[in-house]
Each structure stands twice: as structure tokens, then as C-alpha cells.
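**Q** Structure supplied as final_23.cif; contents: mmCIF, C-alpha atoms.
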```
data_data
#
loop_
_atom_site.group_PDB
_atom_site.id
_atom_site.type_symbol
_atom_site.label_atom_id
_atom_site.label_comp_id
_atom_site.auth_asym_id
_atom_site.auth_seq_id
_atom_site.Cartn_x
_atom_site.Cartn_y
_atom_site.Cartn_z
ATOM 1 C CA MET M 1 59.721 -6.360 17.306
ATOM 2 C CA GLY M 2 61.547 -7.500 20.449
ATOM 3 C CA GLY M 3 59.741 -10.836 20.511
ATOM 4 C CA ALA M 4 62.691 -12.669 22.091
ATOM 5 C CA GLY M 5 62.523 -10.605 25.277
ATOM 6 C CA TYR M 6 60.657 -11.203 28.522
ATOM 7 C CA ILE M 7 57.187 -9.847 27.739
ATOM 8 C CA GLY M 8 57.580 -10.322 23.994
ATOM 9 C CA SER M 9 58.292 -14.063 24.195
ATOM 10 C CA HIS M 10 55.270 -14.682 26.425
ATOM 11 C CA THR M 11 53.085 -12.671 24.050
ATOM 12 C CA VAL M 12 54.351 -14.621 21.043
ATOM 13 C CA ARG M 13 53.272 -17.880 22.684
ATOM 14 C CA TYR M 14 49.865 -16.449 23.566
ATOM 15 C CA LEU M 15 49.300 -15.191 20.011
ATOM 16 C CA LEU M 16 50.265 -18.555 18.530
ATOM 17 C CA ASP M 17 48.010 -20.395 20.960
ATOM 18 C CA ASN M 18 45.141 -18.161 19.846
ATOM 19 C CA GLY M 19 45.477 -18.794 16.141
ATOM 20 C CA HIS M 20 47.748 -15.982 14.977
ATOM 21 C CA ASP M 21 50.735 -16.416 12.663
ATOM 22 C CA VAL M 22 53.746 -14.672 14.197
ATOM 23 C CA VAL M 23 57.033 -13.339 12.842
ATOM 24 C CA VAL M 24 59.494 -12.542 15.632
ATOM 25 C CA ALA M 25 62.088 -9.851 14.915
ATOM 26 C CA ASP M 26 64.804 -9.225 17.496
ATOM 27 C CA ASN M 27 68.446 -8.132 17.534
ATOM 28 C CA LEU M 28 69.137 -10.461 20.501
ATOM 29 C CA ILE M 29 71.055 -7.803 22.450
ATOM 30 C CA TYR M 30 68.831 -8.443 25.455
ATOM 31 C CA GLY M 31 66.502 -11.102 24.061
ATOM 32 C CA HIS M 32 67.122 -14.845 23.974
ATOM 33 C CA ARG M 33 66.848 -16.973 20.849
ATOM 34 C CA ALA M 34 65.841 -19.897 23.072
ATOM 35 C CA ALA M 35 62.841 -17.906 24.286
ATOM 36 C CA VAL M 36 61.281 -17.785 20.818
ATOM 37 C CA ASP M 37 58.534 -20.356 20.307
ATOM 38 C CA ALA M 38 59.485 -22.830 17.557
ATOM 39 C CA ARG M 39 56.124 -22.254 15.852
ATOM 40 C CA ALA M 40 57.071 -18.641 15.063
ATOM 41 C CA LYS M 41 59.296 -17.465 12.237
ATOM 42 C CA PHE M 42 62.413 -15.747 13.600
ATOM 43 C CA VAL M 43 64.168 -12.872 11.815
ATOM 44 C CA HIS M 44 67.316 -11.196 13.118
ATOM 45 C CA ALA M 45 66.566 -7.489 12.694
ATOM 46 C CA ASP M 46 67.430 -4.221 14.398
ATOM 47 C CA LEU M 47 65.426 -1.010 14.666
ATOM 48 C CA LEU M 48 68.557 0.980 13.865
ATOM 49 C CA ASP M 49 69.239 -1.024 10.682
ATOM 50 C CA VAL M 50 66.778 0.307 8.120
ATOM 51 C CA HIS M 51 67.839 -2.320 5.570
ATOM 52 C CA SER M 52 66.970 -5.197 7.905
ATOM 53 C CA LEU M 53 63.589 -3.579 8.599
ATOM 54 C CA ASP M 54 62.855 -3.149 4.911
ATOM 55 C CA ALA M 55 63.807 -6.770 4.236
ATOM 56 C CA LEU M 56 61.578 -7.918 7.099
ATOM 57 C CA PHE M 57 58.490 -6.282 5.604
ATOM 58 C CA GLN M 58 59.375 -7.341 2.060
ATOM 59 C CA GLU M 59 59.790 -11.001 2.976
ATOM 60 C CA SER M 60 56.886 -11.463 5.407
ATOM 61 C CA PRO M 61 53.188 -10.605 4.980
ATOM 62 C CA ILE M 62 52.446 -8.500 8.068
ATOM 63 C CA ASP M 63 49.050 -7.176 9.113
ATOM 64 C CA ALA M 64 49.998 -5.611 12.459
ATOM 65 C CA VAL M 65 53.123 -4.941 14.521
ATOM 66 C CA ILE M 66 53.608 -5.376 18.270
ATOM 67 C CA HIS M 67 56.568 -3.252 19.344
ATOM 68 C CA PHE M 68 58.529 -4.363 22.440
ATOM 69 C CA ALA M 69 61.992 -3.387 21.187
ATOM 70 C CA ALA M 70 63.216 -0.748 23.628
ATOM 71 C CA PHE M 71 66.001 -0.339 26.136
ATOM 72 C CA ALA M 72 64.365 -0.296 29.564
ATOM 73 C CA TYR M 73 66.865 0.280 32.395
ATOM 74 C CA VAL M 74 65.885 3.496 34.152
ATOM 75 C CA GLY M 75 69.254 4.101 35.820
ATOM 76 C CA GLU M 76 71.154 3.468 32.608
ATOM 77 C CA SER M 77 68.860 5.895 30.792
ATOM 78 C CA VAL M 78 69.891 8.632 33.232
ATOM 79 C CA ALA M 79 73.598 7.863 32.745
ATOM 80 C CA GLN M 80 73.386 7.270 28.979
ATOM 81 C CA PRO M 81 70.431 9.238 27.586
ATOM 82 C CA GLU M 82 71.795 9.222 24.030
ATOM 83 C CA LYS M 83 71.586 5.413 23.939
ATOM 84 C CA TYR M 84 67.913 5.566 24.942
ATOM 85 C CA TYR M 85 66.772 8.404 22.691
ATOM 86 C CA TYR M 86 68.609 6.883 19.737
ATOM 87 C CA ASN M 87 67.377 3.314 20.151
ATOM 88 C CA ASN M 88 63.888 3.944 21.482
ATOM 89 C CA VAL M 89 62.835 7.074 19.584
ATOM 90 C CA THR M 90 64.917 6.928 16.396
ATOM 91 C CA GLY M 91 64.413 3.166 16.225
ATOM 92 C CA THR M 92 60.643 3.584 16.436
ATOM 93 C CA LEU M 93 60.713 6.213 13.690
ATOM 94 C CA ASN M 94 62.648 3.744 11.527
ATOM 95 C CA LEU M 95 60.046 1.079 12.241
ATOM 96 C CA LEU M 96 57.174 3.423 11.381
ATOM 97 C CA HIS M 97 58.925 4.436 8.144
ATOM 98 C CA ALA M 98 59.219 0.783 7.106
ATOM 99 C CA MET M 99 55.599 0.126 8.090
ATOM 100 C CA MET M 100 54.288 3.062 6.078
ATOM 101 C CA ALA M 101 56.442 2.105 3.076
ATOM 102 C CA HIS M 102 54.896 -1.358 3.058
ATOM 103 C CA GLY M 103 51.316 -0.350 3.810
ATOM 104 C CA VAL M 104 51.221 -1.643 7.400
ATOM 105 C CA LYS M 105 49.246 0.781 9.547
ATOM 106 C CA LYS M 106 48.478 -1.133 12.741
ATOM 107 C CA ILE M 107 50.722 -1.187 15.830
ATOM 108 C CA VAL M 108 50.437 -2.137 19.497
ATOM 109 C CA PHE M 109 53.166 -0.539 21.611
ATOM 110 C CA SER M 110 54.803 -1.539 24.867
ATOM 111 C CA SER M 111 54.602 1.699 26.844
ATOM 112 C CA THR M 112 54.957 2.218 30.594
ATOM 113 C CA CYS M 113 53.516 3.837 33.685
ATOM 114 C CA ALA M 114 56.866 5.684 33.844
ATOM 115 C CA THR M 115 55.298 8.226 31.478
ATOM 116 C CA TYR M 116 53.252 9.516 34.437
ATOM 117 C CA GLY M 117 56.229 10.406 36.633
ATOM 118 C CA GLU M 118 55.527 11.171 40.282
ATOM 119 C CA PRO M 119 51.896 10.198 40.946
ATOM 120 C CA GLN M 120 49.531 13.018 41.837
ATOM 121 C CA TYR M 121 46.907 10.472 42.884
ATOM 122 C CA THR M 122 46.329 6.725 42.988
ATOM 123 C CA PRO M 123 45.034 4.581 41.481
ATOM 124 C CA ILE M 124 46.442 6.130 38.312
ATOM 125 C CA ASP M 125 44.083 6.382 35.349
ATOM 126 C CA GLU M 126 44.862 7.414 31.772
ATOM 127 C CA ARG M 127 43.828 11.009 32.481
ATOM 128 C CA HIS M 128 46.625 11.404 35.025
ATOM 129 C CA PRO M 129 49.111 14.097 33.879
ATOM 130 C CA GLN M 130 52.214 12.747 32.145
ATOM 131 C CA ASN M 131 55.493 14.132 33.464
ATOM 132 C CA PRO M 132 58.195 11.447 33.128
ATOM 133 C CA ILE M 133 61.207 11.982 35.387
ATOM 134 C CA ASN M 134 63.869 9.985 33.508
ATOM 135 C CA PRO M 135 64.977 9.551 29.881
ATOM 136 C CA TYR M 136 63.483 6.052 29.668
ATOM 137 C CA GLY M 137 60.022 7.348 30.570
ATOM 138 C CA ARG M 138 60.438 10.361 28.300
ATOM 139 C CA THR M 139 61.271 8.164 25.290
ATOM 140 C CA LYS M 140 58.064 6.193 25.787
ATOM 141 C CA TRP M 141 56.065 9.404 26.238
ATOM 142 C CA MET M 142 57.581 10.834 23.041
ATOM 143 C CA ILE M 143 56.694 7.689 21.100
ATOM 144 C CA GLU M 144 53.089 7.965 22.242
ATOM 145 C CA GLN M 145 53.021 11.534 20.849
ATOM 146 C CA ILE M 146 54.562 10.324 17.589
ATOM 147 C CA PHE M 147 51.823 7.708 17.201
ATOM 148 C CA ALA M 148 49.119 10.345 17.691
ATOM 149 C CA ASP M 149 50.754 12.543 15.030
ATOM 150 C CA TYR M 150 51.068 9.586 12.631
ATOM 151 C CA LYS M 151 47.403 8.752 13.176
ATOM 152 C CA ARG M 152 46.376 12.276 12.176
ATOM 153 C CA ALA M 153 48.744 12.498 9.220
ATOM 154 C CA TYR M 154 48.944 8.939 7.874
ATOM 155 C CA GLY M 155 46.028 7.005 9.364
ATOM 156 C CA LEU M 156 48.145 4.915 11.752
ATOM 157 C CA GLN M 157 46.021 2.734 14.038
ATOM 158 C CA TYR M 158 47.704 2.310 17.411
ATOM 159 C CA ILE M 159 47.219 1.243 21.002
ATOM 160 C CA ALA M 160 49.927 2.048 23.564
ATOM 161 C CA LEU M 161 49.740 -0.232 26.599
ATOM 162 C CA ARG M 162 51.115 1.435 29.728
ATOM 163 C CA TYR M 163 52.373 -1.407 31.917
ATOM 164 C CA PHE M 164 52.856 -1.230 35.616
ATOM 165 C CA ASN M 165 55.291 -3.830 37.126
ATOM 166 C CA ALA M 166 55.576 -6.910 34.911
ATOM 167 C CA ALA M 167 56.098 -10.050 36.993
ATOM 168 C CA GLY M 168 55.947 -13.831 36.963
ATOM 169 C CA CYS M 169 56.658 -16.433 34.301
ATOM 170 C CA ALA M 170 54.728 -18.875 32.155
ATOM 171 C CA ALA M 171 52.668 -21.232 34.302
ATOM 172 C CA ASP M 172 54.088 -24.278 32.488
ATOM 173 C CA GLY M 173 57.667 -23.141 33.126
ATOM 174 C CA LYS M 174 58.646 -23.049 29.445
ATOM 175 C CA THR M 175 59.153 -19.289 29.222
ATOM 176 C CA GLY M 176 60.417 -16.931 31.894
ATOM 177 C CA GLU M 177 62.331 -13.870 32.983
ATOM 178 C CA SER M 178 66.039 -13.673 32.231
ATOM 179 C CA HIS M 179 67.607 -10.218 32.368
ATOM 180 C CA SER M 180 71.253 -9.249 32.660
ATOM 181 C CA PRO M 181 71.510 -7.237 34.766
ATOM 182 C CA GLU M 182 68.334 -8.132 36.645
ATOM 183 C CA THR M 183 66.538 -5.139 38.159
ATOM 184 C CA HIS M 184 63.028 -6.473 38.872
ATOM 185 C CA LEU M 185 62.209 -6.977 42.532
ATOM 186 C CA ILE M 186 60.640 -10.451 42.458
ATOM 187 C CA PRO M 187 63.492 -12.273 40.676
ATOM 188 C CA LEU M 188 66.011 -10.425 42.834
ATOM 189 C CA VAL M 189 64.203 -11.583 45.981
ATOM 190 C CA LEU M 190 64.070 -15.148 44.672
ATOM 191 C CA LYS M 191 67.778 -15.090 43.848
ATOM 192 C CA ALA M 192 68.447 -13.990 47.436
ATOM 193 C CA VAL M 193 66.171 -16.750 48.704
ATOM 194 C CA SER M 194 68.006 -19.363 46.623
ATOM 195 C CA GLY M 195 71.463 -18.153 47.668
ATOM 196 C CA GLU M 196 72.411 -16.821 44.234
ATOM 197 C CA ARG M 197 72.557 -13.358 45.827
ATOM 198 C CA ASP M 198 73.846 -12.611 49.324
ATOM 199 C CA TYR M 199 70.828 -10.437 50.194
ATOM 200 C CA ILE M 200 68.135 -8.147 48.838
ATOM 201 C CA ASN M 201 68.308 -4.413 49.394
ATOM 202 C CA VAL M 202 65.134 -2.782 50.708
ATOM 203 C CA PHE M 203 65.294 0.926 49.958
ATOM 204 C CA GLY M 204 63.331 2.855 52.545
ATOM 205 C CA THR M 205 61.181 1.627 55.425
ATOM 206 C CA ASP M 206 59.692 4.993 56.414
ATOM 207 C CA TYR M 207 57.196 5.582 53.613
ATOM 208 C CA ASP M 208 53.612 6.526 54.394
ATOM 209 C CA THR M 209 52.395 2.970 53.769
ATOM 210 C CA PRO M 210 51.098 0.294 56.175
ATOM 211 C CA ASP M 211 54.513 -1.381 56.586
ATOM 212 C CA GLY M 212 56.748 1.547 55.604
ATOM 213 C CA THR M 213 57.915 0.108 52.264
ATOM 214 C CA CYS M 214 56.972 1.099 48.711
ATOM 215 C CA ILE M 215 53.778 -0.249 47.164
ATOM 216 C CA ARG M 216 53.637 -1.277 43.503
ATOM 217 C CA ASP M 217 51.210 -2.958 41.110
ATOM 218 C CA TYR M 218 52.582 -6.345 39.952
ATOM 219 C CA ILE M 219 50.915 -7.673 36.803
ATOM 220 C CA HIS M 220 51.580 -11.197 35.587
ATOM 221 C CA VAL M 221 53.348 -11.447 32.245
ATOM 222 C CA GLU M 222 50.698 -13.820 30.874
ATOM 223 C CA ASP M 223 48.031 -11.222 31.662
ATOM 224 C CA LEU M 224 50.111 -8.704 29.721
ATOM 225 C CA ALA M 225 50.302 -11.178 26.848
ATOM 226 C CA SER M 226 46.537 -11.626 26.721
ATOM 227 C CA ALA M 227 46.075 -7.842 26.674
ATOM 228 C CA HIS M 228 48.335 -7.528 23.629
ATOM 229 C CA CYS M 229 46.310 -10.115 21.765
ATOM 230 C CA LEU M 230 43.085 -8.284 22.597
ATOM 231 C CA ALA M 231 44.643 -4.938 21.615
ATOM 232 C CA VAL M 232 45.596 -6.229 18.160
ATOM 233 C CA GLU M 233 41.981 -7.263 17.638
ATOM 234 C CA LYS M 234 40.654 -3.861 18.811
ATOM 235 C CA LEU M 235 42.765 -1.591 16.601
ATOM 236 C CA ASP M 236 39.903 -0.988 14.163
ATOM 237 C CA ASP M 237 37.663 0.214 17.003
ATOM 238 C CA TYR M 238 39.947 2.155 19.367
ATOM 239 C CA ASN M 239 43.194 4.111 19.180
ATOM 240 C CA GLY M 240 44.959 5.564 22.208
ATOM 241 C CA CYS M 241 46.618 4.615 25.494
ATOM 242 C CA ILE M 242 45.504 2.015 28.030
ATOM 243 C CA ASN M 243 46.835 1.149 31.506
ATOM 244 C CA LEU M 244 47.678 -2.458 32.308
ATOM 245 C CA GLY M 245 47.802 -3.335 35.990
ATOM 246 C CA THR M 246 45.894 -5.369 38.530
ATOM 247 C CA GLY M 247 44.743 -2.311 40.462
ATOM 248 C CA ILE M 248 46.148 -3.972 43.595
ATOM 249 C CA GLY M 249 49.137 -2.557 45.463
ATOM 250 C CA THR M 250 51.706 -4.860 47.076
ATOM 251 C CA SER M 251 54.533 -3.623 49.310
ATOM 252 C CA VAL M 252 58.183 -4.675 49.168
ATOM 253 C CA LYS M 253 57.866 -6.429 52.534
ATOM 254 C CA GLU M 254 54.772 -8.282 51.308
ATOM 255 C CA ILE M 255 56.740 -9.502 48.276
ATOM 256 C CA ILE M 256 59.499 -10.809 50.540
ATOM 257 C CA THR M 257 57.016 -12.545 52.854
ATOM 258 C CA ALA M 258 55.204 -14.184 49.932
ATOM 259 C CA ALA M 259 58.513 -15.340 48.408
ATOM 260 C CA GLU M 260 59.507 -16.916 51.726
ATOM 261 C CA GLN M 261 56.157 -18.702 51.929
ATOM 262 C CA VAL M 262 56.383 -20.013 48.353
ATOM 263 C CA SER M 263 60.004 -21.158 48.623
ATOM 264 C CA GLY M 264 60.030 -22.282 52.253
ATOM 265 C CA LYS M 265 63.296 -20.373 52.620
ATOM 266 C CA LYS M 266 64.323 -17.211 54.441
ATOM 267 C CA CYS M 267 65.231 -14.133 52.420
ATOM 268 C CA PRO M 268 68.328 -12.258 53.664
ATOM 269 C CA VAL M 269 67.589 -8.528 53.701
ATOM 270 C CA LYS M 270 69.602 -5.337 54.071
ATOM 271 C CA TYR M 271 67.760 -2.115 54.743
ATOM 272 C CA ALA M 272 68.983 1.037 53.014
ATOM 273 C CA PRO M 273 67.836 4.651 52.692
ATOM 274 C CA ARG M 274 65.171 5.644 50.184
ATOM 275 C CA ARG M 275 66.166 6.040 46.544
ATOM 276 C CA ALA M 276 65.523 9.425 44.970
ATOM 277 C CA GLY M 277 62.362 9.457 42.870
ATOM 278 C CA ASP M 278 60.707 6.371 44.407
ATOM 279 C CA PRO M 279 57.063 7.247 45.138
ATOM 280 C CA ALA M 280 55.367 5.596 48.098
ATOM 281 C CA ARG M 281 52.447 4.202 46.081
ATOM 282 C CA LEU M 282 52.076 3.368 42.399
ATOM 283 C CA PHE M 283 49.177 1.275 41.156
ATOM 284 C CA ALA M 284 46.746 1.322 38.270
ATOM 285 C CA ASP M 285 43.153 2.094 37.546
ATOM 286 C CA ASN M 286 42.573 -0.623 34.933
ATOM 287 C CA SER M 287 38.917 0.135 34.193
ATOM 288 C CA GLN M 288 39.707 1.332 30.662
ATOM 289 C CA ALA M 289 41.420 -1.973 29.818
ATOM 290 C CA ARG M 290 38.395 -3.842 31.127
ATOM 291 C CA THR M 291 35.940 -1.686 29.169
ATOM 292 C CA ILE M 292 37.779 -1.223 25.875
ATOM 293 C CA LEU M 293 39.668 -4.504 25.573
ATOM 294 C CA GLY M 294 37.303 -6.718 27.541
ATOM 295 C CA TRP M 295 40.385 -7.695 29.554
ATOM 296 C CA ALA M 296 40.719 -8.770 33.160
ATOM 297 C CA PRO M 297 43.843 -10.036 34.942
ATOM 298 C CA LYS M 298 43.824 -13.753 35.723
ATOM 299 C CA TYR M 299 46.508 -13.384 38.396
ATOM 300 C CA THR M 300 45.410 -11.085 41.229
ATOM 301 C CA ASN M 301 47.121 -12.847 44.145
ATOM 302 C CA ILE M 302 50.806 -12.023 44.569
ATOM 303 C CA THR M 303 51.551 -15.501 45.945
ATOM 304 C CA ASP M 304 50.274 -17.091 42.732
ATOM 305 C CA ILE M 305 52.437 -14.744 40.661
ATOM 306 C CA ILE M 306 55.527 -15.563 42.725
ATOM 307 C CA LYS M 307 54.841 -19.308 42.449
ATOM 308 C CA THR M 308 55.278 -19.079 38.668
ATOM 309 C CA ALA M 309 58.492 -17.080 39.077
ATOM 310 C CA TRP M 310 59.877 -19.536 41.644
ATOM 311 C CA ASN M 311 59.103 -22.477 39.354
ATOM 312 C CA TRP M 312 61.127 -20.730 36.643
ATOM 313 C CA GLU M 313 64.044 -20.090 38.999
ATOM 314 C CA LEU M 314 64.107 -23.775 39.940
ATOM 315 C CA ASN M 315 63.859 -24.978 36.338
ATOM 316 C CA ARG M 316 65.409 -22.177 34.318
ATOM 317 C CA LYS M 317 65.633 -22.864 30.561
ATOM 318 C CA TYR M 318 67.822 -19.914 29.528
#
```
Take the structure in this file and express it as C-alpha cells.
**A**
Amino acid sequence: MGGAGYIGSHTVRYLLDNGHDVVVADNLIYGHRAAVDARAKFVHADLLDVHSLDALFQESPIDAVIHFAAFAYVGESVAQPEKYYYNNVTGTLNLLHAMMAHGVKKIVFSSTCATYGEPQYTPIDERHPQNPINPYGRTKWMIEQIFADYKRAYGLQYIALRYFNAAGCAADGKTGESHSPETHLIPLVLKAVSGERDYINVFGTDYDTPDGTCIRDYIHVEDLASAHCLAVEKLDDYNGCINLGTGIGTSVKEIITAAEQVSGKKCPVKYAPRRAGDPARLFADNSQARTILGWAPKYTNITDIIKTAWNWELNRKY
């Protein structure tokens, strides 16, 4: 579900390249039909349309589900919580109902580090307390609890992958990041570099970090894709939640510097006060992903990640 979106479309390609048959279901509200690999079967379906979900499972033999289909704008979730609880939580319950009705009991879920809330320590491991501070994070946290309850009651096999900051695009330039509105830092910086935006806002330069700006963990979308493939294959052996991040923190100023180096262009910047709720540091302990999934990120250098994003910006397909 949600296979026409940013992370979903990259994962679809990775699954196909590794011998899996894939059915992509998406309502195309935020996803792009052009992002769906031609080798996959595409079905227009919506989590809130139980009839389309039932038809999906009736018409296609499905062994496991990968669930990306959520609304994911933090600010919007604060302003419109009903939209997020209805789509993300109710929609997931609809999906689980259809899965159970058709005997499908395996799911890999796109969760988020936003379930942790304000970090009590870094790097963040899976034992870190969960206290999400916005409706988006709370919906993902609730869904994780639902999966645990369904495992106990119905034998659901699940892995929830808690992403840190997804970044980059396919190395071959065929698949990339295309959000409207765009909220991710790297594409916003690159749009400022290219002149598509007048400037990039940097919120806060007085954090307790080496250069005063926030530090985040940027994980390449193709590394996320490989983790999903591994998670599908591990569902018989492990159920629970796993962090996905590089374990390396990169500051906002370091992102801007790397983007300028990659593009050869200057990035116009405006400095602004801190945003409420932005922690100084947020990066992952990924040891559980390495141990349980046998996964390791291929992209650990931020310049290499930005190179793939810049290539997409120069040769955008959709």
C-alpha cells in the first residue's frame, strides 16, 4: 500500500530487482503513477474504501503486505488531527481487516522515529521511551500497538521500521522525491541552490551542537528499500520494531555546505528563530537492524546522498 510514493516506489523497484512479484496499491493522492515500475501490477485502491481493499485481495495472490500509505506532514497533523487519525489509524484497521479476511498475516510497516518524541538520549535505540509530540507521530505509535495486539489475538506477523530522515533518490535517476508541498530539508536546499526557491530557512543557530544548527540522521531511500526487502524475509523469525538510520548525525549547515559542493552553486539562506519542538540532536542506534535484518546502510556519506538528489533535481521525471 502506498507504493507510488517516495519510499514506496523505491522499495517496489528493489523488490522487483530481487525476484519478488509486486502489486502496487495507491490512491494517488500524494503518489505518482509515473513512479510505479512498469514490471509491477498497479491497482487504484484506498485504505478508506473497504470495497477496493477487498477487491485487491480477491484479485491478487498476496503473501505479505508492505504498508506505506499514511499522511505524513507533521504541521498538517497538528492543524488537522482528524484527517490523520482517520486515514492513518482507521485506514490501517481497514487494511488489517481485509488481510485477516483473506488469510494474509504478514506485514511490514513504515513507522517513524517521531514515535519517540523529544529524545532523552542519543543515539536512540528501540528501548527509548515513546512519547510522540504530534498527531502524526501518535498515529504511527498507535498502529504499532495495534500490530502487537493483532499478533497476540490473530497471529499477525509484523515488523515496524522506524525511519529517521529519508533522503536521496535512485542512483540511476529513474525514481526520486516529488512532494507537494515539499518539507524535506535536502530537496528544499537544492531548490534554493537551483533558483527554484528564493532561499532556505535555517531555524535556529544557537543549539548545543558544533555549528549551532540541528543535527539529524539522513538515511538514503535505497537503503530503506533494502531494509524492507530484508524485513519481509525475516517475518517468520522476528516480530517487533526496528530503527532505520545511519547512526551518523549531520547538521543543517553541513547539509547546505555539501549541497553547495555537489552543485557548484551558492545556497541563499535566511536565518530564523528555533521552531518549537525541534530537538538539537536526533540520530539512530541501528544495531538492531544490523543484527536482526543483517542490514547495513550503503550510503554513509552525506555528499554521496546529496549527489543522488541533485541528479534527480537536474533530470526530474515527475
**Q** Can you pull out the residues contacting Ala192 (chain M)? Cut-off 7 Å, using all atoms listed in the file, and skip same-chain residues under 6 positions away; I want them as number ranges by chain.
**A** M: 198-200, 267-268
**Q** Using all atoms listed in the file, which residue out of M:Pro210, M:Pro119, M:Gly8, M:Pro81 lies closest to Leu224 (chain M)?
**A** M:Gly8
**Q** Would you list the contacts of Asp49 (chain M) as a PDB file with C-alpha atoms, in the frame of the given file, taking every protein, DNA or RNA residue within 12 Å and counting only C-alpha atoms, but skipping same-chain residues closer than 3 positions in sequence?
**A**
```pdb
ATOM      1  CA  ASP M  26      64.804  -9.225  17.496  1.00  0.00           C
ATOM      2  CA  ASN M  27      68.446  -8.132  17.534  1.00  0.00           C
ATOM      3  CA  HIS M  44      67.316 -11.196  13.118  1.00  0.00           C
ATOM      4  CA  ALA M  45      66.566  -7.489  12.694  1.00  0.00           C
ATOM      5  CA  ASP M  46      67.430  -4.221  14.398  1.00  0.00           C
ATOM      6  CA  SER M  52      66.970  -5.197   7.905  1.00  0.00           C
ATOM      7  CA  LEU M  53      63.589  -3.579   8.599  1.00  0.00           C
ATOM      8  CA  ASP M  54      62.855  -3.149   4.911  1.00  0.00           C
ATOM      9  CA  ALA M  55      63.807  -6.770   4.236  1.00  0.00           C
ATOM     10  CA  LEU M  56      61.578  -7.918   7.099  1.00  0.00           C
ATOM     11  CA  ASN M  87      67.377   3.314  20.151  1.00  0.00           C
ATOM     12  CA  THR M  90      64.917   6.928  16.396  1.00  0.00           C
ATOM     13  CA  GLY M  91      64.413   3.166  16.225  1.00  0.00           C
ATOM     14  CA  THR M  92      60.643   3.584  16.436  1.00  0.00           C
ATOM     15  CA  LEU M  93      60.713   6.213  13.690  1.00  0.00           C
ATOM     16  CA  ASN M  94      62.648   3.744  11.527  1.00  0.00           C
ATOM     17  CA  LEU M  95      60.046   1.079  12.241  1.00  0.00           C
ATOM     18  CA  HIS M  97      58.925   4.436   8.144  1.00  0.00           C
ATOM     19  CA  ALA M  98      59.219   0.783   7.106  1.00  0.00           C
TER      20      ALA M  98
END
```
**Q** On this structure, which residues satisfy the PyMOL selection byres ((chain M and resi 292) around 12), written as a list of chain:residue names?
**A**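 The output of the PyMOL selection byres ((chain M and resi 292) around 12) on this file is M:Ile159, M:Ala227, M:Leu230, M:Ala231, M:Glu233, M:Lys234, M:Leu235, M:Asp236, M:Asp237, M:Tyr238, M:Asn239, M:Gly240, M:Cys241, M:Ile242, M:Asn243, M:Leu244, M:Asn286, M:Ser287, M:Gln288, M:Ala289, M:Arg290, M:Thr291, M:Leu293, M:Gly294, M:Trp295, M:Ala296.
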**Q** Could those residues be written to a file, using C-alpha atoms, as a PDB file, in the coordinates of the input?
**A**
```pdb
ATOM      1  CA  ILE M 159      47.219   1.243  21.002  1.00  0.00           C
ATOM      2  CA  ALA M 227      46.075  -7.842  26.674  1.00  0.00           C
ATOM      3  CA  LEU M 230      43.085  -8.284  22.597  1.00  0.00           C
ATOM      4  CA  ALA M 231      44.643  -4.938  21.615  1.00  0.00           C
ATOM      5  CA  GLU M 233      41.981  -7.263  17.638  1.00  0.00           C
ATOM      6  CA  LYS M 234      40.654  -3.861  18.811  1.00  0.00           C
ATOM      7  CA  LEU M 235      42.765  -1.591  16.601  1.00  0.00           C
ATOM      8  CA  ASP M 236      39.903  -0.988  14.163  1.00  0.00           C
ATOM      9  CA  ASP M 237      37.663   0.214  17.003  1.00  0.00           C
ATOM     10  CA  TYR M 238      39.947   2.155  19.367  1.00  0.00           C
ATOM     11  CA  ASN M 239      43.194   4.111  19.180  1.00  0.00           C
ATOM     12  CA  GLY M 240      44.959   5.564  22.208  1.00  0.00           C
ATOM     13  CA  CYS M 241      46.618   4.615  25.494  1.00  0.00           C
ATOM     14  CA  ILE M 242      45.504   2.015  28.030  1.00  0.00           C
ATOM     15  CA  ASN M 243      46.835   1.149  31.506  1.00  0.00           C
ATOM     16  CA  LEU M 244      47.678  -2.458  32.308  1.00  0.00           C
ATOM     17  CA  ASN M 286      42.573  -0.623  34.933  1.00  0.00           C
ATOM     18  CA  SER M 287      38.917   0.135  34.193  1.00  0.00           C
ATOM     19  CA  GLN M 288      39.707   1.332  30.662  1.00  0.00           C
ATOM     20  CA  ALA M 289      41.420  -1.973  29.818  1.00  0.00           C
ATOM     21  CA  ARG M 290      38.395  -3.842  31.127  1.00  0.00           C
ATOM     22  CA  THR M 291      35.940  -1.686  29.169  1.00  0.00           C
ATOM     23  CA  LEU M 293      39.668  -4.504  25.573  1.00  0.00           C
ATOM     24  CA  GLY M 294      37.303  -6.718  27.541  1.00  0.00           C
ATOM     25  CA  TRP M 295      40.385  -7.695  29.554  1.00  0.00           C
ATOM     26  CA  ALA M 296      40.719  -8.770  33.160  1.00  0.00           C
TER      27      ALA M 296
END
```
**Q** Restricting the calculation to only C-alpha atoms: of M:Ile215, M:Ala258, M:Val74, M:Leu47, which residue gets closest to Thr183 (chain M)?
**A** M:Val74
**Q** Could you state which residues are captured by the PyMOL selection byres ((chain M and resi 125-140) around 7) in this file, as a list in words?
**A** Ala72, Val74, Ser77, Val78, Pro81, Tyr84, Tyr85, Asn88, Val89, Ser111, Thr112, Ala114, Thr115, Tyr116, Gly117, Pro123, Ile124, Trp141, Met142, Ile143, Glu144, Ile242, Asn243, Ala284 and Asp285 of chain M
**Q** Measuring between only C-alpha atoms, which one of M:Gly19, M:Pro297, M:Pro279, M:Gly173 shows the shortest distance to Arg216 (chain M)?
**A**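 Smallest separation from Arg216 (chain M) among the options: M:Pro279.
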**Q** Would you mind telling me which residue in M:Lys106, M:Lys253, M:Lys41, M:Arg152 lies nearest to Leu185 (chain M) when using only C-alpha atoms?
**A**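 Selected residue with least distance to Leu185 (chain M): M:Lys253.
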**Q** Which neighbours of Ser110 (chain M) fall inside 7 Å, counting all atoms listed in the file, when residues of the same chain fewer than 2 positions from it are skipped, and could you give them as a list in words?
**A**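 Near neighbours after the sequence-gap exclusion: His67, Phe68, Val108, Thr112, Ala160, Leu161 and Arg162 of chain M.
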**Q** Rank M:Tyr121, M:Tyr271, M:Tyr154, M:Phe164 by their smallest atom-to-atom distance to Val252 (chain M), using only C-alpha atoms, and report the top residue only.
**A**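 Counting only C-alpha atoms, the residue closest to Val252 (chain M) is M:Tyr271.
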**Q** Rank nothing, just name the residue among M:Thr246, M:Thr175, M:Asn201, M:Thr257 nearest to Val12 (chain M), using all atoms listed in the file.
**A**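 Distance minimum relative to Val12 (chain M) lands on M:Thr175.
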**Q** Got a sec: who's within 10 Å of Asp304 (chain M), counting only C-alpha atoms, leaving out chain neighbours fewer than 6 positions off, as an MDAnalysis selection string?
**A** chainID M and resid 168 171 220 258 262 310
